[in-house]
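Structure, as structure tokens:
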Amino acid sequence: MLLTFSFFLTACSGPGYYMQAISGQWRLLHARRDIQSLVDDPATSPELVGQLEAAGRIIEFAESKLDLPADGSYSSYVEIDGNALVWNVVATEEFSLQPKEWCFIVAGCLPYRGFFKLQKAEQSLARLRNKGLDVYLSPAPAYSTLGKFRDPLLSTMFTGSDIRMAAYLFHELAHQRLYIKGDGGFNESYAAFMEETGVKIWLESTHRQAELQHWQVLQSAGKAFNSLLRGVREDLAELYRSNSSDAEKRRLKADILQGLVQSYDQLRAAKWDNKDYFSEWFTEPLNNAKLALYNTYEGGQCAFQNLFNQTGGNMREFHRLAAKQARLKKDQRRKWLTQTCTAIAPAGEL
């Protein structure tokens with residue numbers, strides 16, 4: 001799961017947040033090194049050269065086959081300490097699945113707030129937790145400035161296979177191509193669809209059939225997991241709307257979240273031969289904030305799949321139709337985005 005950093009020109013945060021964001025962005029841009037110079041430098045490790053060259057081929061594919069122009073981004077590289085560039089804070093009320101929003105001049109209002117320093121993120125998390133909110137901290141290996149700067153490749157994007165790298169790049173380039181200020185659900189659904197579909201097309205074009213099959217197994221597992229979480233969200237939403245006392249809601253909330261763990265174990269045994277695809281998701285206590293963030297990134301996939309099907313796989317036409325949906329009023333966009341798969345696509349294509 002990927003996060004787009006809430007771009008630092010803030011409309012409602014204090015000067016401390018403003019300064020850490022500007023400082024972090026400045027350090028990142030100042031640390032950029034030209035990729036071609038790195039490739040030509042004998043001191044650059046063969047492993048990094050190979051990764052940079054692979055990234056270049058992926059970006060070329062994104063531009064020529066997926067209609068995702070890079071516009072100068074990813075022509076430089078930055079080495080990052082650790083496995084995350086930014087840490088994103090998510091918060092909800094104790095009895096709500098609606099994430100708290102923070103508003104920014106460029107990106108609009110978003111359901112998370114990003115920090116370049118882990119310590120700052122943890123301090124923010126603690127303050128929100130002390131107010132009685134459900135909170136969650138999510139590391140982000142990549143982000144987009146939405147074309148405002150020429151974003152660099154990051155060492156955090158190279159921590160997995162070239163397939164994972166391609167997924168990062170397709171996702172972030174999608175944000176550069178189409179972004180609606182203040183509509184995280186639409187933006188992340190569009191980028192997540194381009195990530196999944198882009199990887200599929202890329203693997204097909206490079207005749208990596210075995211890896212494509214494995215990728216599709218993982219995507220199928222992700223959809224099953226998302227369906228499981230959707231049911232839990234519905235149960236919690238019904239509970240929160242009820243007239244039960246806070247004490248009763250608190251008790252039933254804990255029961256529902258514990259039931260999620262049990263249902264996940266059953267799903268693993270019944271569908272995945274006990275493969276634990278989402279073990280990391282359960283390493284921390286479950287709460288509303290974690291469910292809210294996952295929903296932001298996984299919703300709307302059916303709507304964009306249907307749009308893609310309508311074009312017969314024509315990527316340029318797909319982007320045109322997506323941009324048309326982006327011009328709808330927000331409530332109309334939300335309604336379109338939340339259609340179910342069975343309502344908008346033939347069963348054989350799901």
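Residues are referred to by chain and number: the chain letter is A, B, ... according to the order shown in the structure tokens, the number counts from 1 in that chain, and ligands are numbered separately from 1 in the order shown.
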
Item checked: Contact residues around A:Glu53 with only C-alpha atoms at 9 Å, ignoring same-chain residues under 4 positions, as number ranges by chain -> A: 35, 39, 48-49, 57-58

Checklist line | Residue neighbourhood A:Ser76, 6 Å, only C-alpha atoms, exclusion window fewer than 3 positions, as a PyMOL selection string | finding: chain A and resi 32-35+152

Near A:Leu291, counting only C-alpha atoms, which residues have an atom at most 12 Å away, once you skip same-chain residues fewer than 4 positions from it, shown as a PDB file with N, CA and C atoms, in the first residue's frame?
```pdb
ATOM      1  N   VAL A  90      -2.477   9.072  10.743  1.00  0.00           N
ATOM      2  CA  VAL A  90      -3.913   8.973  10.484  1.00  0.00           C
ATOM      3  C   VAL A  90      -4.626   8.945  11.826  1.00  0.00           C
ATOM      4  N   ALA A  91      -5.775   9.625  11.920  1.00  0.00           N
ATOM      5  CA  ALA A  91      -6.506   9.666  13.185  1.00  0.00           C
ATOM      6  C   ALA A  91      -8.006   9.680  12.931  1.00  0.00           C
ATOM      7  N   THR A  92      -8.761   9.003  13.798  1.00  0.00           N
ATOM      8  CA  THR A  92     -10.219   9.025  13.759  1.00  0.00           C
ATOM      9  C   THR A  92     -10.745   9.161  15.190  1.00  0.00           C
ATOM     10  N   SER A  96     -15.842   6.308  15.107  1.00  0.00           N
ATOM     11  CA  SER A  96     -16.025   6.785  13.736  1.00  0.00           C
ATOM     12  C   SER A  96     -14.971   6.182  12.825  1.00  0.00           C
ATOM     13  N   LEU A  97     -15.355   5.963  11.579  1.00  0.00           N
ATOM     14  CA  LEU A  97     -14.410   5.499  10.560  1.00  0.00           C
ATOM     15  C   LEU A  97     -13.997   6.631   9.630  1.00  0.00           C
ATOM     16  N   GLN A  98     -14.429   7.843   9.926  1.00  0.00           N
ATOM     17  CA  GLN A  98     -14.086   8.995   9.100  1.00  0.00           C
ATOM     18  C   GLN A  98     -12.757   9.572   9.568  1.00  0.00           C
ATOM     19  N   PRO A  99     -11.716   9.532   8.743  1.00  0.00           N
ATOM     20  CA  PRO A  99     -10.419  10.043   9.195  1.00  0.00           C
ATOM     21  C   PRO A  99     -10.421  11.558   9.340  1.00  0.00           C
ATOM     22  N   ASP A 134      -8.363   7.329  17.860  1.00  0.00           N
ATOM     23  CA  ASP A 134      -7.674   6.161  17.306  1.00  0.00           C
ATOM     24  C   ASP A 134      -6.617   6.689  16.342  1.00  0.00           C
ATOM     25  N   VAL A 135      -5.406   6.162  16.414  1.00  0.00           N
ATOM     26  CA  VAL A 135      -4.328   6.681  15.586  1.00  0.00           C
ATOM     27  C   VAL A 135      -3.563   5.540  14.922  1.00  0.00           C
ATOM     28  N   TYR A 136      -2.902   5.879  13.829  1.00  0.00           N
ATOM     29  CA  TYR A 136      -2.089   4.898  13.104  1.00  0.00           C
ATOM     30  C   TYR A 136      -0.955   5.626  12.409  1.00  0.00           C
ATOM     31  N   PHE A 225      -8.836  -9.844   0.869  1.00  0.00           N
ATOM     32  CA  PHE A 225      -8.581  -9.186   2.147  1.00  0.00           C
ATOM     33  C   PHE A 225      -9.390  -7.901   2.257  1.00  0.00           C
ATOM     34  N   ASN A 226      -9.436  -7.151   1.165  1.00  0.00           N
ATOM     35  CA  ASN A 226     -10.213  -5.917   1.165  1.00  0.00           C
ATOM     36  C   ASN A 226     -11.694  -6.195   1.408  1.00  0.00           C
ATOM     37  N   LEU A 228     -12.861  -8.644   3.138  1.00  0.00           N
ATOM     38  CA  LEU A 228     -12.963  -8.951   4.563  1.00  0.00           C
ATOM     39  C   LEU A 228     -13.017  -7.669   5.386  1.00  0.00           C
ATOM     40  N   LEU A 229     -12.148  -6.724   5.072  1.00  0.00           N
ATOM     41  CA  LEU A 229     -12.125  -5.458   5.803  1.00  0.00           C
ATOM     42  C   LEU A 229     -13.397  -4.656   5.566  1.00  0.00           C
ATOM     43  N   ARG A 230     -13.940  -4.752   4.354  1.00  0.00           N
ATOM     44  CA  ARG A 230     -15.173  -4.022   4.052  1.00  0.00           C
ATOM     45  C   ARG A 230     -16.306  -4.493   4.963  1.00  0.00           C
ATOM     46  N   GLY A 231     -16.390  -5.795   5.186  1.00  0.00           N
ATOM     47  CA  GLY A 231     -17.413  -6.331   6.070  1.00  0.00           C
ATOM     48  C   GLY A 231     -17.243  -5.829   7.499  1.00  0.00           C
ATOM     49  N   VAL A 232     -15.990  -5.756   7.952  1.00  0.00           N
ATOM     50  CA  VAL A 232     -15.710  -5.267   9.300  1.00  0.00           C
ATOM     51  C   VAL A 232     -16.082  -3.788   9.407  1.00  0.00           C
ATOM     52  N   ARG A 233     -15.756  -3.020   8.389  1.00  0.00           N
ATOM     53  CA  ARG A 233     -16.116  -1.600   8.389  1.00  0.00           C
ATOM     54  C   ARG A 233     -17.633  -1.428   8.463  1.00  0.00           C
ATOM     55  N   GLU A 234     -18.362  -2.243   7.721  1.00  0.00           N
ATOM     56  CA  GLU A 234     -19.825  -2.147   7.747  1.00  0.00           C
ATOM     57  C   GLU A 234     -20.372  -2.479   9.133  1.00  0.00           C
ATOM     58  N   LEU A 236     -18.781  -2.159  12.001  1.00  0.00           N
ATOM     59  CA  LEU A 236     -18.429  -1.066  12.906  1.00  0.00           C
ATOM     60  C   LEU A 236     -19.304   0.162  12.658  1.00  0.00           C
ATOM     61  N   ALA A 237     -19.540   0.479  11.392  1.00  0.00           N
ATOM     62  CA  ALA A 237     -20.371   1.646  11.074  1.00  0.00           C
ATOM     63  C   ALA A 237     -21.774   1.490  11.649  1.00  0.00           C
ATOM     64  N   LEU A 257     -13.255  -6.261  16.140  1.00  0.00           N
ATOM     65  CA  LEU A 257     -11.857  -6.248  15.692  1.00  0.00           C
ATOM     66  C   LEU A 257     -11.176  -7.580  15.984  1.00  0.00           C
ATOM     67  N   LEU A 260     -12.121  -9.944  13.347  1.00  0.00           N
ATOM     68  CA  LEU A 260     -11.365  -9.775  12.105  1.00  0.00           C
ATOM     69  C   LEU A 260     -10.140 -10.684  12.098  1.00  0.00           C
ATOM     70  N   TRP A 281       0.214  -6.527   8.670  1.00  0.00           N
ATOM     71  CA  TRP A 281      -0.950  -5.694   8.955  1.00  0.00           C
ATOM     72  C   TRP A 281      -1.454  -5.915  10.373  1.00  0.00           C
ATOM     73  N   PHE A 282      -1.149  -7.083  10.927  1.00  0.00           N
ATOM     74  CA  PHE A 282      -1.656  -7.431  12.255  1.00  0.00           C
ATOM     75  C   PHE A 282      -0.595  -7.318  13.348  1.00  0.00           C
ATOM     76  N   PRO A 285      -1.935  -3.104  17.103  1.00  0.00           N
ATOM     77  CA  PRO A 285      -3.355  -3.187  17.447  1.00  0.00           C
ATOM     78  C   PRO A 285      -4.242  -2.616  16.336  1.00  0.00           C
ATOM     79  N   LEU A 286      -5.365  -3.257  16.103  1.00  0.00           N
ATOM     80  CA  LEU A 286      -6.304  -2.801  15.082  1.00  0.00           C
ATOM     81  C   LEU A 286      -7.187  -1.696  15.644  1.00  0.00           C
ATOM     82  N   ASN A 287      -7.495  -0.716  14.801  1.00  0.00           N
ATOM     83  CA  ASN A 287      -8.395   0.348  15.225  1.00  0.00           C
ATOM     84  C   ASN A 287      -9.026   1.028  14.006  1.00  0.00           C
ATOM     85  N   ASN A 295      -9.089   1.822   3.543  1.00  0.00           N
ATOM     86  CA  ASN A 295     -10.231   2.079   2.684  1.00  0.00           C
ATOM     87  C   ASN A 295      -9.935   3.176   1.678  1.00  0.00           C
ATOM     88  N   THR A 296      -9.178   4.201   2.086  1.00  0.00           N
ATOM     89  CA  THR A 296      -8.822   5.293   1.188  1.00  0.00           C
ATOM     90  C   THR A 296      -8.077   4.784  -0.031  1.00  0.00           C
ATOM     91  N   TYR A 297      -7.234   3.781   0.161  1.00  0.00           N
ATOM     92  CA  TYR A 297      -6.391   3.299  -0.925  1.00  0.00           C
ATOM     93  C   TYR A 297      -6.985   2.152  -1.720  1.00  0.00           C
ATOM     94  N   GLU A 298      -7.933   1.426  -1.156  1.00  0.00           N
ATOM     95  CA  GLU A 298      -8.442   0.242  -1.836  1.00  0.00           C
ATOM     96  C   GLU A 298      -9.838   0.428  -2.434  1.00  0.00           C
ATOM     97  N   GLY A 299     -10.526   1.517  -2.088  1.00  0.00           N
ATOM     98  CA  GLY A 299     -11.857   1.738  -2.635  1.00  0.00           C
ATOM     99  C   GLY A 299     -11.794   2.161  -4.101  1.00  0.00           C
TER     100      GLY A 299
END
```

Next item on the list: Enumerate the residues of stretch 45-188 of chain A with a DSSP assignment of strand (DSSP E or B), computed from the backbone, and present them as a PyMOL selection string.
Entry: chain A and resi 76-78+86-92+99+102-104+108-110+113-115+134-140+153-154

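Taking atom CA of A:Arg333 and atom CA of A:Tyr294 as the two end points, the separation is 19.4 Å.
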
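Closest approach to A:Phe115 among A:Asn88, A:Asn83, A:Thr338, A:Asn130: A:Asn88, based on only C-alpha atoms.
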
Next item on the list: Would you list the contacts of A:Ala121 as a ChimeraX atom specification, taking every protein, DNA or RNA residue within 12 Å and counting only C-alpha atoms, but skipping same-chain residues closer than 3 positions in sequence?
Entry: /A:17,20-21,86-90,112-118,124-128,135-139

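Omitting A:Arg334 and its sequence neighbours fewer than 6 positions away, and counting only C-alpha atoms, the residues within 12 Å are A:Asp183, A:Gly184, A:Gly185, A:Phe186, A:Asn187, A:Ser189, A:Thr296, A:Gly299, A:Gly300, A:Ala303, A:Gln325, A:Ala326, A:Arg327, A:Leu328.
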